[in-house]
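Here's data.txt, which has compact mmCIF, C-alpha atoms:
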# COMPACT_ATOMS: atom_id res chain seq x y z
CA MET A 1 -13.07 12.42 32.95
CA ASN A 2 -15.33 9.33 32.75
CA LEU A 3 -13.43 6.28 31.44
CA LYS A 4 -16.20 5.15 29.09
CA PHE A 5 -16.48 8.65 27.65
CA ARG A 6 -12.74 8.73 26.96
CA LEU A 7 -12.85 5.39 25.14
CA SER A 8 -15.97 6.52 23.25
CA LEU A 9 -14.14 9.63 22.06
CA MET A 10 -11.24 7.44 20.94
CA ASN A 11 -13.64 5.32 18.87
CA PHE A 12 -15.39 8.42 17.51
CA LEU A 13 -12.12 9.77 16.11
CA GLU A 14 -10.91 6.33 14.97
CA PHE A 15 -13.81 5.83 12.59
CA ALA A 16 -14.27 9.50 11.71
CA VAL A 17 -10.86 9.22 10.03
CA TRP A 18 -12.16 6.38 7.86
CA GLY A 19 -15.62 7.79 7.19
CA ALA A 20 -14.16 10.90 5.58
CA TYR A 21 -13.20 9.01 2.41
CA LEU A 22 -14.15 5.32 2.53
CA THR A 23 -17.61 5.49 0.94
CA CYS A 24 -17.10 8.50 -1.36
CA MET A 25 -13.54 7.96 -2.60
CA GLY A 26 -14.82 6.18 -5.71
CA ASN A 27 -16.55 9.33 -6.96
CA TYR A 28 -13.30 11.32 -6.69
CA LEU A 29 -11.21 8.60 -8.33
CA GLY A 30 -13.49 8.75 -11.35
CA VAL A 31 -12.89 12.52 -11.63
CA ALA A 32 -9.14 12.14 -11.07
CA GLY A 33 -8.68 9.68 -13.95
CA LEU A 34 -8.47 6.60 -11.71
CA GLY A 35 -12.03 5.30 -12.10
CA SER A 36 -11.00 1.96 -13.59
CA GLU A 37 -8.73 1.39 -10.58
CA ILE A 38 -11.40 1.77 -7.88
CA SER A 39 -11.25 -1.92 -6.96
CA TRP A 40 -7.47 -1.68 -6.49
CA PHE A 41 -7.76 1.25 -4.10
CA TYR A 42 -10.08 -0.77 -1.88
CA ALA A 43 -8.03 -3.93 -2.41
CA ILE A 44 -4.94 -2.09 -1.16
CA GLN A 45 -6.66 -1.83 2.20
CA GLY A 46 -7.05 -5.59 2.13
CA ILE A 47 -3.52 -6.29 0.97
CA VAL A 48 -1.91 -4.29 3.77
CA SER A 49 -4.36 -5.88 6.21
CA ILE A 50 -2.88 -9.28 5.43
CA PHE A 51 0.28 -8.44 7.38
CA MET A 52 0.14 -5.00 9.01
CA PRO A 53 -2.53 -5.65 11.70
CA THR A 54 -0.80 -8.90 12.70
CA LEU A 55 2.62 -7.21 12.76
CA MET A 56 1.34 -4.28 14.82
CA GLY A 57 -0.52 -6.70 17.09
CA ILE A 58 2.78 -8.47 17.80
CA VAL A 59 4.43 -5.14 18.59
CA ALA A 60 1.51 -4.20 20.88
CA ASP A 61 1.72 -7.55 22.68
CA LYS A 62 5.49 -7.46 23.19
CA TYR A 63 7.06 -4.04 22.83
CA ILE A 64 4.84 -0.91 22.76
CA GLN A 65 1.68 -0.33 24.76
CA PRO A 66 -1.32 -0.59 22.37
CA GLN A 67 -2.71 2.90 23.04
CA ARG A 68 0.68 4.46 22.23
CA LEU A 69 1.17 2.36 19.11
CA LEU A 70 -2.36 3.36 18.06
CA GLY A 71 -1.31 7.01 18.23
CA LEU A 72 1.94 6.50 16.34
CA CYS A 73 0.16 4.65 13.53
CA HIS A 74 -2.31 7.51 13.19
CA LEU A 75 0.52 10.04 13.03
CA LEU A 76 2.03 8.28 10.00
CA ALA A 77 -1.35 7.54 8.40
CA GLY A 78 -2.34 11.19 8.71
CA ILE A 79 0.88 12.51 7.19
CA PHE A 80 0.61 10.26 4.13
CA MET A 81 -3.10 11.04 3.70
CA LEU A 82 -2.32 14.75 3.69
CA GLY A 83 0.18 13.94 0.95
CA CYS A 84 -2.71 12.64 -1.18
CA TRP A 85 -4.61 15.84 -0.47
CA TRP A 86 -1.64 17.97 -1.52
CA MET A 87 -1.33 16.13 -4.83
CA GLY A 88 -4.99 16.89 -5.45
CA VAL A 89 -4.37 20.55 -4.66
CA GLN A 90 -1.57 20.62 -7.20
CA ALA A 91 -3.80 19.07 -9.86
CA GLY A 92 -6.77 21.36 -9.18
CA PHE A 93 -10.52 20.77 -8.87
CA GLY A 94 -11.90 18.29 -11.39
CA GLN A 95 -8.46 17.58 -12.90
CA GLU A 96 -6.60 14.30 -13.29
CA ILE A 97 -3.72 13.52 -10.92
CA SER A 98 -0.38 14.20 -12.63
CA SER A 99 1.55 11.29 -11.11
CA LYS A 100 -0.86 8.46 -10.46
CA SER A 101 1.86 6.13 -9.19
CA THR A 102 2.94 8.65 -6.51
CA PHE A 103 -0.68 9.20 -5.46
CA ILE A 104 -1.24 5.45 -5.14
CA ALA A 105 2.01 5.07 -3.16
CA LEU A 106 1.00 7.79 -0.67
CA TYR A 107 -2.47 6.29 -0.29
CA THR A 108 -0.97 2.81 0.21
CA MET A 109 1.33 4.02 2.98
CA SER A 110 -1.54 5.82 4.70
CA VAL A 111 -3.86 2.82 4.79
CA ALA A 112 -0.93 0.53 5.70
CA PHE A 113 -0.69 2.38 9.00
CA PHE A 114 -4.42 3.01 9.40
CA MET A 115 -5.75 -0.53 9.01
CA PRO A 116 -3.91 -1.90 12.09
CA THR A 117 -5.50 0.83 14.21
CA ILE A 118 -8.92 -0.84 14.03
CA ALA A 119 -7.61 -3.89 15.89
CA LEU A 120 -5.39 -1.73 18.13
CA SER A 121 -8.36 0.40 19.18
CA ASN A 122 -10.25 -2.79 20.12
CA THR A 123 -7.28 -4.08 22.11
CA THR A 124 -6.89 -0.74 23.89
CA ALA A 125 -10.57 -0.60 24.80
CA PHE A 126 -10.74 -4.23 25.95
CA THR A 127 -7.59 -3.88 28.06
CA ILE A 128 -8.66 -0.66 29.79
CA LEU A 129 -12.18 -1.95 30.45
CA LYS A 130 -10.92 -5.18 32.00
CA LYS A 131 -8.28 -3.33 34.02
CA ASN A 132 -11.10 -1.32 35.58
CA GLY A 133 -13.33 -4.34 36.26
CA LEU A 134 -15.84 -3.73 33.46
CA ASP A 135 -17.58 -6.32 31.25
CA THR A 136 -16.48 -6.19 27.58
CA VAL A 137 -19.66 -7.84 26.27
CA LYS A 138 -21.88 -5.35 28.12
CA ASP A 139 -19.76 -2.19 28.11
CA PHE A 140 -17.86 -2.31 24.80
CA PRO A 141 -20.75 -2.08 22.28
CA PRO A 142 -22.03 1.30 23.61
CA ILE A 143 -18.44 2.58 23.38
CA ARG A 144 -17.97 1.17 19.89
CA VAL A 145 -21.20 2.75 18.70
CA LEU A 146 -19.57 6.18 19.02
CA GLY A 147 -17.12 5.02 16.35
CA THR A 148 -20.02 4.59 13.97
CA VAL A 149 -21.34 8.00 14.96
CA GLY A 150 -17.94 9.46 14.07
CA PHE A 151 -18.04 7.68 10.70
CA ILE A 152 -21.50 9.13 10.02
CA VAL A 153 -20.53 12.67 11.04
CA THR A 154 -17.63 12.84 8.60
CA MET A 155 -19.71 11.19 5.84
CA TRP A 156 -22.34 13.91 6.23
CA PHE A 157 -19.71 16.62 6.41
CA VAL A 158 -17.94 15.46 3.26
CA ASN A 159 -21.27 15.00 1.42
CA CYS A 160 -22.46 18.54 2.17
CA ALA A 161 -19.23 20.58 2.40
CA ALA A 162 -18.13 22.48 -0.72
CA TRP A 163 -15.21 24.72 -1.63
CA GLU A 164 -16.07 27.11 -4.44
CA ASP A 165 -13.98 30.11 -5.56
CA GLY A 166 -12.07 30.24 -2.28
CA SER A 167 -15.21 30.15 -0.10
CA PHE A 168 -16.51 27.33 2.11
CA SER A 169 -20.19 26.36 2.21
CA PHE A 170 -22.66 23.54 2.85
CA THR A 171 -25.05 22.40 0.13
CA LEU A 172 -27.21 19.42 -0.82
CA ALA A 173 -27.36 20.45 -4.46
CA ASP A 174 -25.12 18.88 -7.09
CA ASN A 175 -21.78 20.69 -7.03
CA ALA A 176 -18.54 19.67 -8.74
CA HIS A 177 -16.58 21.07 -5.81
CA LYS A 178 -18.41 19.20 -3.07
CA PHE A 179 -15.91 17.37 -0.88
CA GLN A 180 -17.28 13.97 -1.92
CA TYR A 181 -16.05 14.61 -5.47
CA THR A 182 -12.74 16.25 -4.54
CA TYR A 183 -9.43 15.71 -2.75
CA MET A 184 -10.73 17.62 0.31
CA GLN A 185 -12.01 14.35 1.78
CA PHE A 186 -8.37 13.31 2.24
CA PHE A 187 -7.62 16.58 4.05
CA VAL A 188 -10.43 15.93 6.55
CA SER A 189 -9.17 12.38 7.16
CA GLY A 190 -5.53 13.42 7.56
CA ILE A 191 -6.26 16.18 10.07
CA LEU A 192 -8.44 13.89 12.19
CA SER A 193 -5.64 11.28 12.24
CA LEU A 194 -3.26 13.86 13.68
CA VAL A 195 -5.83 14.83 16.33
CA LEU A 196 -6.22 11.18 17.36
CA PHE A 197 -2.43 10.77 17.49
CA ALA A 198 -2.28 13.46 20.19
CA TYR A 199 -5.34 12.12 22.04
CA CYS A 200 -4.00 8.55 22.30
CA PHE A 201 -1.16 9.72 24.54
CA THR A 202 -3.70 10.95 27.12
CA LEU A 203 -5.30 7.50 27.53
CA PRO A 204 -4.63 5.23 30.56
CA GLU A 205 -1.69 2.83 30.35
CA CYS A 206 -2.14 -0.68 28.98
CA LYS A 207 0.86 -2.33 30.58
CA LEU A 208 2.51 -5.17 28.69
CA GLU A 209 2.41 -8.66 30.17
CA LYS A 210 5.87 -10.09 30.79
CA LYS A 211 6.79 -13.79 30.79
CA GLN A 212 9.69 -15.53 32.46
CA SER A 213 10.61 -17.59 29.41
CA GLN A 214 9.40 -17.54 25.83
CA THR A 215 9.81 -19.71 22.79
CA LEU A 216 10.94 -18.12 19.51
CA ALA A 217 7.36 -18.26 18.21
CA GLU A 218 6.09 -16.51 21.34
CA SER A 219 8.75 -13.82 21.06
CA PHE A 220 7.46 -12.86 17.61
CA GLY A 221 3.80 -13.30 18.52
CA LEU A 222 3.43 -16.21 16.08
CA ASN A 223 1.71 -18.35 18.70
CA ALA A 224 -1.55 -16.63 17.75
CA PHE A 225 -1.49 -18.78 14.60
CA LYS A 226 -1.85 -21.84 16.84
CA LEU A 227 -5.52 -20.95 16.96
CA PHE A 228 -5.81 -22.66 13.57
CA LYS A 229 -5.09 -25.97 15.30
CA THR A 230 -8.52 -25.76 16.91
CA ARG A 231 -11.23 -26.78 14.46
CA LYS A 232 -13.69 -24.24 15.85
CA MET A 233 -11.28 -21.31 15.51
CA ALA A 234 -9.92 -22.51 12.15
CA LEU A 235 -13.43 -22.62 10.69
CA PHE A 236 -14.24 -19.28 12.30
CA PHE A 237 -11.26 -17.62 10.61
CA VAL A 238 -11.91 -19.29 7.24
CA PHE A 239 -15.52 -18.14 7.16
CA SER A 240 -14.41 -14.74 8.42
CA ALA A 241 -12.29 -14.48 5.27
CA LEU A 242 -15.18 -15.60 3.05
CA LEU A 243 -17.57 -13.11 4.62
CA GLY A 244 -14.83 -10.51 4.51
CA MET A 245 -15.05 -10.73 0.72
CA CYS A 246 -18.30 -8.77 1.00
CA LEU A 247 -17.00 -5.97 3.24
CA GLN A 248 -15.62 -3.47 0.75
CA VAL A 249 -17.93 -4.12 -2.22
CA THR A 250 -20.55 -1.51 -1.33
CA ASN A 251 -17.95 0.83 0.18
CA GLY A 252 -16.23 0.92 -3.19
CA TYR A 253 -19.18 0.81 -5.56
CA ALA A 254 -22.36 2.01 -3.81
CA GLY A 255 -21.37 5.66 -4.40
CA PRO A 256 -20.54 5.35 -8.12
CA PHE A 257 -23.60 3.07 -8.56
CA ILE A 258 -26.10 5.50 -7.04
CA THR A 259 -24.42 8.51 -8.67
CA SER A 260 -24.58 6.76 -12.05
CA PHE A 261 -28.34 7.34 -12.09
CA LYS A 262 -27.57 11.02 -12.74
CA GLY A 263 -26.78 9.85 -16.28
CA SER A 264 -30.23 8.29 -16.67
CA ALA A 265 -32.52 9.40 -19.50
CA ASP A 266 -35.38 9.49 -16.99
CA ALA A 267 -35.37 13.03 -15.57
CA ALA A 268 -37.13 11.97 -12.36
CA ILE A 269 -34.32 9.54 -11.61
CA ALA A 270 -31.46 11.75 -12.82
CA THR A 271 -32.54 14.74 -10.70
CA SER A 272 -33.59 12.75 -7.62
CA PHE A 273 -32.20 13.70 -4.23
CA ALA A 274 -30.64 10.25 -3.78
CA ALA A 275 -28.77 10.29 -7.08
CA ASN A 276 -27.26 13.68 -6.23
CA ASN A 277 -26.42 12.83 -2.60
CA ALA A 278 -25.15 9.26 -2.71
CA THR A 279 -22.92 9.66 0.35
CA LEU A 280 -25.78 11.08 2.41
CA LEU A 281 -28.06 8.21 1.38
CA THR A 282 -25.50 5.52 2.16
CA SER A 283 -24.92 7.07 5.58
CA ILE A 284 -28.20 5.40 6.55
CA SER A 285 -26.09 2.23 6.56
CA GLN A 286 -23.90 3.66 9.30
CA ILE A 287 -26.92 4.90 11.29
CA SER A 288 -28.28 1.37 11.17
CA GLU A 289 -24.85 0.10 12.18
CA ALA A 290 -24.85 2.37 15.24
CA LEU A 291 -28.22 1.04 16.37
CA CYS A 292 -27.38 -2.61 15.66
CA ILE A 293 -24.22 -2.46 17.77
CA LEU A 294 -26.43 -1.92 20.81
CA LEU A 295 -28.29 -5.16 20.03
CA ILE A 296 -25.15 -7.30 20.00
CA PRO A 297 -24.98 -8.13 23.75
CA PHE A 298 -28.59 -9.39 23.66
CA PHE A 299 -28.14 -11.52 20.54
CA LEU A 300 -24.76 -12.95 21.58
CA LYS A 301 -25.97 -13.98 25.02
CA ARG A 302 -29.22 -15.44 23.72
CA PHE A 303 -28.14 -17.09 20.45
CA GLY A 304 -24.34 -17.45 20.43
CA ILE A 305 -21.78 -16.65 17.76
CA LYS A 306 -23.07 -19.05 15.06
CA ILE A 307 -26.58 -17.62 14.83
CA VAL A 308 -25.30 -14.06 15.06
CA MET A 309 -22.88 -14.63 12.17
CA LEU A 310 -25.60 -16.36 10.14
CA MET A 311 -27.76 -13.28 10.58
CA SER A 312 -24.89 -11.25 9.21
CA MET A 313 -24.39 -13.50 6.20
CA PHE A 314 -28.02 -13.48 5.13
CA ALA A 315 -28.20 -9.73 5.73
CA TRP A 316 -25.48 -9.40 3.07
CA VAL A 317 -27.75 -11.27 0.65
CA PHE A 318 -30.45 -8.64 1.17
CA ARG A 319 -27.91 -5.80 1.14
CA PHE A 320 -26.81 -6.67 -2.39
CA GLY A 321 -30.15 -7.92 -3.68
CA LEU A 322 -32.07 -4.77 -2.73
CA PHE A 323 -29.51 -2.61 -4.54
CA GLY A 324 -30.14 -4.78 -7.59
CA VAL A 325 -33.88 -4.11 -7.74
CA GLY A 326 -34.04 -0.49 -6.52
CA ASN A 327 -33.49 2.98 -8.01
CA PRO A 328 -33.12 6.53 -6.59
CA ALA A 329 -36.68 7.69 -7.43
CA MET A 330 -39.86 6.75 -5.57
CA PRO A 331 -40.78 4.01 -4.88
CA GLY A 332 -37.48 2.34 -5.83
CA VAL A 333 -35.51 4.44 -3.37
CA ILE A 334 -37.32 2.64 -0.54
CA LEU A 335 -35.45 -0.51 -1.55
CA PHE A 336 -32.17 1.41 -1.37
CA ILE A 337 -33.10 2.57 2.13
CA LEU A 338 -33.94 -1.00 3.17
CA SER A 339 -30.57 -2.14 1.81
CA CYS A 340 -28.88 0.48 3.98
CA ILE A 341 -30.87 -0.58 7.03
CA VAL A 342 -29.90 -4.27 6.79
CA TYR A 343 -26.26 -3.22 6.42
CA GLY A 344 -26.18 -2.64 10.19
CA VAL A 345 -26.84 -6.34 10.81
CA ALA A 346 -24.54 -7.40 7.96
CA PHE A 347 -21.55 -5.45 9.26
CA ASP A 348 -21.94 -5.35 13.05
CA PHE A 349 -23.11 -8.89 13.68
CA PHE A 350 -19.92 -10.03 12.00
CA ASN A 351 -17.18 -7.50 12.74
CA VAL A 352 -18.01 -6.41 16.28
CA SER A 353 -19.29 -9.78 17.48
CA GLY A 354 -16.31 -11.50 15.89
CA GLY A 355 -13.92 -9.20 17.76
CA ILE A 356 -15.62 -9.99 21.06
CA PHE A 357 -15.60 -13.73 20.27
CA VAL A 358 -11.87 -13.71 19.50
CA ASP A 359 -11.14 -11.77 22.70
CA GLN A 360 -13.01 -14.32 24.80
CA GLU A 361 -11.50 -17.38 23.14
CA CYS A 362 -7.84 -16.32 23.43
CA GLU A 363 -5.28 -16.24 26.23
CA PRO A 364 -4.26 -12.75 27.49
CA SER A 365 -0.74 -13.08 26.08
CA VAL A 366 -1.97 -13.32 22.47
CA LYS A 367 -5.11 -11.17 22.49
CA ALA A 368 -3.65 -8.32 20.43
CA SER A 369 -2.06 -10.80 17.99
CA ALA A 370 -5.35 -12.68 17.69
CA GLN A 371 -7.25 -9.46 16.97
CA GLY A 372 -4.67 -8.72 14.29
CA LEU A 373 -5.15 -12.21 12.88
CA PHE A 374 -8.93 -11.70 12.75
CA MET A 375 -8.33 -8.40 10.97
CA MET A 376 -5.95 -10.10 8.55
CA MET A 377 -8.48 -12.77 7.58
CA THR A 378 -11.40 -10.36 7.16
CA ASN A 379 -10.07 -7.00 5.97
CA GLY A 380 -6.93 -8.61 4.56
CA VAL A 381 -7.32 -11.91 2.74
CA GLY A 382 -11.09 -11.77 2.37
CA ALA A 383 -11.49 -8.12 1.45
CA THR A 384 -8.60 -8.22 -1.04
CA ILE A 385 -9.94 -11.20 -2.98
CA GLY A 386 -13.52 -9.96 -2.76
CA THR A 387 -12.77 -6.41 -3.87
CA LEU A 388 -10.64 -7.45 -6.83
CA ALA A 389 -13.25 -10.01 -7.91
CA ALA A 390 -15.98 -7.37 -7.58
CA GLY A 391 -13.89 -4.98 -9.66
CA GLU A 392 -13.57 -7.53 -12.43
CA ILE A 393 -17.32 -8.13 -12.39
CA VAL A 394 -18.20 -4.41 -12.40
CA ASN A 395 -15.66 -3.62 -15.13
CA LYS A 396 -17.14 -6.44 -17.23
CA TYR A 397 -20.72 -5.19 -17.03
CA CYS A 398 -20.15 -1.43 -16.59
CA SER A 399 -17.87 1.33 -17.94
CA TRP A 400 -17.20 5.02 -17.32
CA SER A 401 -19.01 7.47 -19.60
CA ASN A 402 -19.23 11.26 -19.10
CA GLY A 403 -18.10 10.88 -15.50
CA TYR A 404 -20.62 8.14 -14.63
CA LEU A 405 -20.11 4.39 -14.21
CA LEU A 406 -22.92 3.04 -16.41
CA GLY A 407 -23.97 -0.48 -17.36
CA ASP A 408 -25.74 -3.61 -16.16
CA TRP A 409 -25.54 -2.97 -12.42
CA GLN A 410 -28.39 -5.34 -11.64
CA THR A 411 -26.44 -8.39 -12.77
CA CYS A 412 -23.46 -7.29 -10.65
CA TRP A 413 -25.53 -6.98 -7.47
CA PHE A 414 -27.26 -10.32 -8.04
CA ILE A 415 -23.89 -12.07 -8.46
CA PHE A 416 -22.71 -10.59 -5.14
CA ALA A 417 -25.97 -11.66 -3.43
CA ALA A 418 -25.64 -15.23 -4.74
CA PHE A 419 -22.11 -15.47 -3.32
CA ALA A 420 -23.23 -14.30 0.13
CA LEU A 421 -26.07 -16.84 0.04
CA CYS A 422 -23.65 -19.70 -0.71
CA VAL A 423 -21.37 -18.65 2.16
CA GLY A 424 -24.30 -18.47 4.58
CA VAL A 425 -25.65 -21.91 3.69
CA SER A 426 -22.17 -23.48 3.95
CA PHE A 427 -21.54 -21.84 7.32
CA ALA A 428 -24.86 -23.13 8.68
CA LEU A 429 -23.94 -26.68 7.70
CA ILE A 430 -20.26 -26.75 8.73
CA PHE A 431 -19.63 -24.42 11.71
CA ASN A 432 -20.76 -26.04 14.97
CA PRO A 433 -19.11 -24.50 18.06
CA GLU A 434 -19.82 -25.66 21.60
CA LYS A 435 -23.35 -24.92 22.75
CA LYS A 436 -22.32 -22.14 25.14
CA LYS A 437 -23.45 -18.55 25.10
CA VAL A 438 -20.80 -15.97 24.31
As structure tokens - that is how I would like this structure written.
Amino acid sequence: MNLKFRLSLMNFLEFAVWGAYLTCMGNYLGVAGLGSEISWFYAIQGIVSIFMPTLMGIVADKYIQPQRLLGLCHLLAGIFMLGCWWMGVQAGFGQEISSKSTFIALYTMSVAFFMPTIALSNTTAFTILKKNGLDTVKDFPPIRVLGTVGFIVTMWFVNCAAWEDGSFSFTLADNAHKFQYTYMQFFVSGILSLVLFAYCFTLPECKLEKKQSQTLAESFGLNAFKLFKTRKMALFFVFSALLGMCLQVTNGYAGPFITSFKGSADAAIATSFAANNATLLTSISQISEALCILLIPFFLKRFGIKIVMLMSMFAWVFRFGLFGVGNPAMPGVILFILSCIVYGVAFDFFNVSGGIFVDQECEPSVKASAQGLFMMMTNGVGATIGTLAAGEIVNKYCSWSNGYLLGDWQTCWFIFAAFALCVGVSFALIFNPEKKKV
């Protein structure tokens, strides 16, 4: 089987696992009596990302081949995610979870083992490509784009799938038992994790590099932190954390925000297609992401990492700002669509390009650890602080009423846009890497 196809399938499954619940989980949490804790559920992903990707990166560098560790992490993540699904089954459709602390614990354990797999999948792909004489800058983005396709496929599935009176169906109409409002999204994610666990053990070997002698820091993979001694890399990681503060805001709140328009007094807005299919609308973001990934080699080679990351930062300004001025009915929905389109630049030009940049700047012996460090700064430190801060802002201006999160959403989005603008301007003034093309 073609090597690129095999790595593409790995990426497809990797992000299909995440897409099943990441953007629609907020709607279910509101139904399950956990609406006020939405920010914490997304912050948990950040908290575990502070240490788990780095820890697993160390293990992948020193002890277990990355493709095998990737599979083992998915096995555990899938089992715990199915535990969340089973708790939902016990509660019933539209009912509150009986033991919220147990549900949160199961979810925490699942994401604790899932979050490292993003970096591990990058390491696996980079290692196998290089082993076979392929160019990571040229050949990785088309492989990675299948991950976004996988994310989109499960988003669409969860948005349209419904389980009513023991029968399965697909519908675009409002339905309390659509997967995006129920625990079934966790079932889809858990099953896909188990499938990827089995698939990882069919991938080519990524043999570990052995050294004659190692310091204590090298033995534990801590030498990756030496990257902070270099001003360029230190600034890169700091701004990665700052930009990472934007990553989970729309994942956590775009769904409840768009769905909240169903509580509008304006019938045209309340009954609009967008308001009743928030997950389907936001999937435009992932379609844009898939297309933008293919542009990365061109932009990196022509402009370098600084300009590419600046594009990402200012795209976040538009991402938030357009949500602030739009609505689900015509013509306001066009602004929502534009927000989703610019998300591709906002996410890809930072996450994917950053991963490639880190891979090229690091020695082979610390590549997996460095990818884990990048993950820690973005999806760990940055996303945790950003998500909790966003939660405080949203809870200040909005509140749950009749199943909808209503309030002054416009102010919330403008605050987020102002933050992204400040980060972008600061980055433009401070970060000045060597004038070489990545």
Show me as a PyMOL selection string the residues that reach within 8 Å of (-24.0, -11.5, 6.4), counting all atoms listed in the file and using the file's own coordinates. chain A and resi 243+309-317+345-347+349-350+420+424
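Each of A:Cys362, A:Cys206, A:Leu242, A:Val249 was checked against Phe41 (chain A) using all atoms listed in the file; the smallest atom-to-atom distance is that of A:Val249.
CA of Lys226 (chain A) lies 25.0 Å from CA of Leu300 (chain A).
Nearest residue to Leu227 (chain A) among A:Ile104, A:Ala370, A:Cys84, A:Met184 is A:Ala370, counting only C-alpha atoms.
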Taking (-35.9, -2.6, 1.0) in the file's coordinates, which residues come within 9 Å, counting all atoms listed in the file, written as number ranges by chain? A: 318-319, 322-323, 326, 332-342
Those same residues - C-alpha atoms - I'd like them written as a compact mmCIF listing (two decimals), keeping the file's coordinate frame.
# COMPACT_ATOMS: atom_id res chain seq x y z
CA PHE A 318 -30.45 -8.64 1.17
CA ARG A 319 -27.91 -5.80 1.14
CA LEU A 322 -32.07 -4.77 -2.73
CA PHE A 323 -29.51 -2.61 -4.54
CA GLY A 326 -34.04 -0.49 -6.52
CA GLY A 332 -37.48 2.34 -5.83
CA VAL A 333 -35.51 4.44 -3.37
CA ILE A 334 -37.32 2.64 -0.54
CA LEU A 335 -35.45 -0.51 -1.55
CA PHE A 336 -32.17 1.41 -1.37
CA ILE A 337 -33.10 2.57 2.13
CA LEU A 338 -33.94 -1.00 3.17
CA SER A 339 -30.57 -2.14 1.81
CA CYS A 340 -28.88 0.48 3.98
CA ILE A 341 -30.87 -0.58 7.03
CA VAL A 342 -29.90 -4.27 6.79
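Residue nearest Phe93 (chain A), chosen from A:Ala119, A:Ile284, A:Ala162, A:Ala241 and counting all atoms listed in the file: A:Ala162.
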Can you check which parts of region 73-102 of chain A lie within 10 Å of region 4-25 of chain A? Per residue, the shortest pair of atoms and distance in Å to one decimal, counting only C-alpha atoms, sorted by chain and number, as a tab-separated table.
residue	atom	partner	partner_atom	distance
A:His74	CA	A:Glu14	CA	8.9
A:Ala77	CA	A:Val17	CA	9.8
A:Gly78	CA	A:Val17	CA	8.8
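A straight line drawn from CA of Ser167 (chain A) to CA of Thr154 (chain A) is 19.5 Å long.
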Of A:Leu373, A:Ile58, A:Leu146, A:Ile393, the one nearest to Phe228 (chain A) when counting only C-alpha atoms is A:Leu373
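Residues with any atom within 10 Å of Asn379 (chain A), counting all atoms listed in the file and excluding same-chain neighbours fewer than 3 positions away, are Ala43, Gln45, Gly46, Ile47, Val48, Ser49, Ile50, Pro53, Met115, Ser240, Ala241, Leu243, Gly244, Met245, Cys246, Leu247, Gln248, Asn351, Leu373, Phe374, Met375, Met376, Gly382, Ala383, Thr384, Ile385 and Gly386 of chain A.
Distance-wise, CA of Gly354 (chain A) and CA of Cys200 (chain A) end up 24.4 Å apart.
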Long-range neighbours of region 86-89 of chain A as a PyMOL selection string, 10 Å cut-off, all atoms listed in the file, 2 positions minimum in chain: chain A and resi 32+80-84+91-100+102-103+106+182-184+186-187
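Residue nearest Ile296 (chain A), chosen from A:Leu69, A:Ile44, A:Val352, A:Leu196 and counting only C-alpha atoms: A:Val352.
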Between A:Phe431, A:Lys306, A:Val325, A:Ile128, which is the closest to Pro204 (chain A) once you count only C-alpha atoms? A:Ile128
Within 9 Å of Ile79 (chain A), counting all atoms listed in the file, which residues show up once you throw out same-chain ones fewer than 4 positions away? Write them as a tab-separated table (two decimals) with C-alpha atoms, in the coordinates of the input, please.
chain	number	residue	atom	x	y	z
A	74	HIS	CA	-2.31	7.51	13.19
A	75	LEU	CA	0.52	10.04	13.03
A	83	GLY	CA	0.18	13.94	0.95
A	110	SER	CA	-1.54	5.82	4.70
A	190	GLY	CA	-5.53	13.42	7.56
A	191	ILE	CA	-6.26	16.18	10.07
A	193	SER	CA	-5.64	11.28	12.24
A	194	LEU	CA	-3.26	13.86	13.68
